[in-house]
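Colleague: Below is the file query.cif, which contains mmCIF, C-alpha atoms.
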data_start
loop_
_atom_site.label_atom_id
_atom_site.label_comp_id
_atom_site.auth_asym_id
_atom_site.auth_seq_id
_atom_site.Cartn_x
_atom_site.Cartn_y
_atom_site.Cartn_z
CA MET A 238 82.25 85.62 69.67
CA ASN A 239 82.01 84.42 73.17
CA THR A 240 84.97 83.83 75.44
CA ARG A 241 84.84 80.04 75.07
CA ASN A 242 85.32 80.17 71.27
CA ILE A 243 88.22 82.58 71.59
CA GLU A 244 89.94 80.30 74.11
CA ILE A 245 89.52 77.32 71.78
CA LEU A 246 90.98 79.26 68.82
CA VAL A 247 93.94 80.44 70.91
CA GLY A 248 94.52 76.86 72.12
CA ILE A 249 94.51 75.54 68.53
CA PHE A 250 96.92 78.28 67.48
CA VAL A 251 99.31 77.46 70.34
CA VAL A 252 99.26 73.73 69.51
CA MET A 253 99.99 74.45 65.83
CA ALA A 254 102.84 76.81 66.80
CA VAL A 255 104.42 74.18 69.07
CA ALA A 256 104.10 71.53 66.34
CA ALA A 257 105.76 73.89 63.84
CA LEU A 258 108.65 74.55 66.25
CA VAL A 259 109.15 70.81 66.83
CA MET A 260 109.25 70.14 63.07
CA LEU A 261 111.68 73.03 62.56
CA SER A 262 114.01 71.80 65.29
CA LEU A 263 113.98 68.25 63.90
CA LYS A 264 114.77 69.53 60.43
CA VAL A 265 117.63 71.75 61.62
CA SER A 266 119.19 68.96 63.72
CA ASN A 267 118.88 66.38 60.90
CA LEU A 268 116.87 64.06 63.15
CA ALA A 269 113.88 63.96 60.83
CA SER A 270 114.20 61.80 57.77
CA TYR A 271 111.75 62.40 55.02
CA GLY A 272 111.37 59.40 52.72
CA GLY A 273 113.41 56.49 51.47
CA GLU A 274 114.53 54.91 54.76
CA GLY A 275 113.36 51.41 53.87
CA ASP A 276 115.08 51.19 50.50
CA SER A 277 118.73 52.08 51.03
CA TYR A 278 122.19 50.55 50.90
CA GLU A 279 125.35 51.14 52.94
CA ILE A 280 128.74 52.13 51.53
CA LEU A 281 132.01 52.90 53.33
CA ALA A 282 134.82 55.43 52.91
CA GLN A 283 138.06 55.92 54.83
CA PHE A 284 139.37 59.40 55.63
CA GLU A 285 142.54 60.59 57.37
CA ASN A 286 140.56 63.29 59.18
CA VAL A 287 136.77 63.69 59.40
CA GLY A 288 136.93 67.10 61.12
CA GLY A 289 133.52 67.96 62.57
CA LEU A 290 131.54 65.41 60.58
CA LYS A 291 128.80 63.77 62.65
CA GLU A 292 126.37 60.91 62.36
CA ARG A 293 123.25 61.93 60.42
CA SER A 294 125.24 64.50 58.42
CA PRO A 295 124.01 64.75 54.84
CA VAL A 296 125.59 62.95 51.90
CA SER A 297 125.04 64.79 48.66
CA ALA A 298 125.91 64.56 44.98
CA GLY A 299 125.55 67.56 42.72
CA GLY A 300 123.83 69.49 45.51
CA VAL A 301 121.12 66.84 45.95
CA ARG A 302 120.85 64.98 49.26
CA VAL A 303 121.25 61.29 48.42
CA GLY A 304 121.80 59.83 51.89
CA LYS A 305 123.22 60.37 55.36
CA VAL A 306 126.19 59.36 57.50
CA SER A 307 125.10 56.37 59.57
CA ALA A 308 128.26 55.72 61.63
CA ILE A 309 131.84 56.92 62.16
CA SER A 310 134.48 54.59 63.58
CA TYR A 311 138.26 54.25 63.72
CA ASN A 312 140.32 51.62 61.88
CA ASN A 313 143.19 50.59 64.21
CA GLU A 314 145.10 48.80 61.44
CA GLU A 315 145.19 51.60 58.85
CA PHE A 316 144.85 54.48 61.35
CA THR A 317 141.98 56.09 59.47
CA ALA A 318 138.42 57.09 60.23
CA VAL A 319 135.82 54.84 58.60
CA VAL A 320 132.57 56.54 57.61
CA SER A 321 129.47 54.45 56.88
CA MET A 322 126.87 56.08 54.66
CA GLN A 323 123.26 55.07 54.01
CA ILE A 324 122.47 55.89 50.37
CA GLU A 325 118.84 55.94 49.24
CA GLY A 326 118.06 53.08 46.87
CA GLY A 327 117.09 55.31 43.95
CA TYR A 328 120.66 56.62 43.58
CA GLN A 329 123.50 54.61 42.04
CA PHE A 330 127.17 55.58 41.93
CA PRO A 331 130.04 54.15 39.84
CA LEU A 332 132.84 52.21 41.52
CA ASP A 333 135.31 55.05 40.92
CA THR A 334 133.22 57.63 42.77
CA SER A 335 135.19 60.02 44.99
CA ALA A 336 134.09 61.34 48.39
CA SER A 337 135.09 64.64 50.01
CA ILE A 338 134.24 66.17 53.35
CA LEU A 339 132.97 69.67 52.61
CA THR A 340 131.66 72.58 54.67
CA ALA A 341 128.30 74.24 54.00
CA GLY A 342 126.97 77.56 55.14
CA LEU A 343 128.18 80.11 57.63
CA LEU A 344 127.81 77.80 60.62
CA GLY A 345 130.24 75.31 59.12
CA GLU A 346 128.05 72.22 58.98
CA GLN A 347 130.10 69.49 57.38
CA TYR A 348 128.75 66.97 54.89
CA ILE A 349 130.06 64.40 52.43
CA GLY A 350 130.05 65.33 48.77
CA LEU A 351 130.13 62.47 46.26
CA GLU A 352 131.61 63.00 42.81
CA PRO A 353 130.61 60.19 40.40
CA GLY A 354 133.27 58.66 38.20
CA GLY A 355 132.96 57.00 34.81
CA ASP A 356 133.03 53.27 35.65
CA GLU A 357 130.21 51.15 34.24
CA ALA A 358 129.89 49.03 37.42
CA PHE A 359 128.10 50.49 40.44
CA LEU A 360 128.73 50.49 44.19
CA ALA A 361 126.52 47.99 46.02
CA GLU A 362 125.72 47.15 49.64
CA GLY A 363 128.99 47.12 51.62
CA GLY A 364 130.98 48.73 48.78
CA GLU A 365 133.88 51.04 49.58
CA ILE A 366 134.87 54.35 48.04
CA ASP A 367 138.64 54.35 47.51
CA ILE A 368 139.17 57.98 46.43
CA THR A 369 138.63 60.29 49.41
CA GLN A 370 139.57 63.81 50.45
CA SER A 371 139.66 64.59 54.16
CA ALA A 372 138.21 67.63 55.86
CA LEU A 373 140.13 70.87 55.63
CA VAL A 374 141.26 71.79 59.14
CA LEU A 375 141.72 75.53 59.39
CA GLU A 376 144.26 75.30 62.22
CA GLN A 377 146.54 73.10 60.09
CA VAL A 378 146.32 75.47 57.12
CA ILE A 379 147.19 78.48 59.29
CA GLY A 380 150.04 76.54 60.92
CA GLN A 381 151.50 75.58 57.53
CA PHE A 382 151.24 79.18 56.34
CA LEU A 383 153.01 80.53 59.43
CA PHE A 384 155.67 77.83 59.23
CA SER A 385 156.40 78.62 55.56
CA LYS A 386 156.62 82.35 56.34
CA ALA A 387 159.05 81.65 59.21
CA GLN A 388 161.29 79.58 56.91
CA GLU A 389 161.47 82.42 54.34
CA LYS A 390 163.26 84.69 56.82
#
What does this structure look like when you write it as structure tokens?
Modeller:
Amino acid sequence: MNTRNIEILVGIFVVMAVAALVMLSLKVSNLASYGGEGDSYEILAQFENVGGLKERSPVSAGGVRVGKVSAISYNNEEFTAVVSMQIEGGYQFPLDTSASILTAGLLGEQYIGLEPGGDEAFLAEGGEIDITQSALVLEQVIGQFLFSKAQEK
């Protein structure tokens, strides 16, 4: 092979490596969305504490990603955090579905886990999940433990 061909092959390899790194970084940061963006509906849930939940965090049911968190805001009247979720159109959930903020993996990425109920009617665009469980805040758990131990003595 001459030098020109080797330079071209090395250039192609470098371009493919950079493209792979970009795709990997988009996947890790949840910026890339693969499929179903056009056909989705929005539902809401109110939590007392969202912990480290962020926009674009996954929403899953039974371990399957069914959507993502689209916005997080604060309700000044009820003093709760309001989480908007975009659910892909192929997934339907009963009206009595519950939502919990859970932690995945060693890095502690937080996501919303949906647990379907048994109602025959389904959540639609703008629907709200009434049964929610806030994020577990480790500092509060440790504080409660230490406080209960101090009261025992």
Colleague: Within 10 Å of region 344-348 of chain A, counting only C-alpha atoms, which residues qualify if same-chain residues fewer than 5 places away don't, as a list in words?
Modeller: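 Here the answer would be Val287, Gly288, Gly289, Leu290, Lys291, Glu292, Arg293, Ser294, Pro295, Val296, Ser297, Arg302, Lys305, Val306, Ser337, Ile338, Leu339 and Ala372 of chain A.
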Colleague: What does the PyMOL selection byres ((chain A and resi 281) around 9) select in this file, as an MDAnalysis selection string?
Modeller: chainID A and resid 279:280 282:283 319:322 363:367
Colleague: Take the PyMOL selection byres ((chain A and resi 359) around 7), run it mentally on this structure, and tell me the resulting residues as an MDAnalysis selection string.
Modeller: chainID A and resid 329:332 357:358 360:361
Colleague: Which of these residues is nearest to Thr340 (chain A), using all atoms listed in the file: A:Ser371, A:Gln323, A:Ser307, A:Thr317?
Modeller: A:Ser371
Colleague: Suppose you want the space between CA of Leu383 (chain A) and CA of Gln370 (chain A); what is it in Å?
Modeller: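 Atom-to-atom, CA of Leu383 (chain A) and CA of Gln370 (chain A) are spaced 23.3 Å apart.
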Colleague: At what distance in Å, to one decimal, does CA of Val259 (chain A) lie from CA of Glu244 (chain A)?
Modeller: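 Atom-to-atom, CA of Glu244 (chain A) to CA of Val259 (chain A), that is 22.6 Å.
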Colleague: Mind pulling up the distance from CA of Glu376 (chain A) to CA of Gly350 (chain A)?
Modeller: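 Between these atoms lies a distance of 22.0 Å.
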Colleague: Here's a test: counting all atoms listed in the file, identify every protein, DNA and RNA residue with an atom at most 9 Å from (118.2, 61.0, 48.5) in the file's coordinate frame, and state them as a PyMOL selection string.
Modeller: chain A and resi 272-273+296-297+301-305+324-328
Colleague: May I have the residues from that selection written out with C-alpha atoms, as a PDB file, in the frame of the given file?
Modeller:
ATOM      1  CA  GLY A 272     111.370  59.400  52.720  1.00  0.00           C
ATOM      2  CA  GLY A 273     113.410  56.490  51.470  1.00  0.00           C
ATOM      3  CA  VAL A 296     125.590  62.950  51.900  1.00  0.00           C
ATOM      4  CA  SER A 297     125.040  64.790  48.660  1.00  0.00           C
ATOM      5  CA  VAL A 301     121.120  66.840  45.950  1.00  0.00           C
ATOM      6  CA  ARG A 302     120.850  64.980  49.260  1.00  0.00           C
ATOM      7  CA  VAL A 303     121.250  61.290  48.420  1.00  0.00           C
ATOM      8  CA  GLY A 304     121.800  59.830  51.890  1.00  0.00           C
ATOM      9  CA  LYS A 305     123.220  60.370  55.360  1.00  0.00           C
ATOM     10  CA  ILE A 324     122.470  55.890  50.370  1.00  0.00           C
ATOM     11  CA  GLU A 325     118.840  55.940  49.240  1.00  0.00           C
ATOM     12  CA  GLY A 326     118.060  53.080  46.870  1.00  0.00           C
ATOM     13  CA  GLY A 327     117.090  55.310  43.950  1.00  0.00           C
ATOM     14  CA  TYR A 328     120.660  56.620  43.580  1.00  0.00           C
TER      15      TYR A 328
END
Colleague: Using all atoms listed in the file, which of A:Leu261, A:Ile309, A:Val252, A:Ala298 sits nearest Leu351 (chain A)?
Modeller: A:Ala298
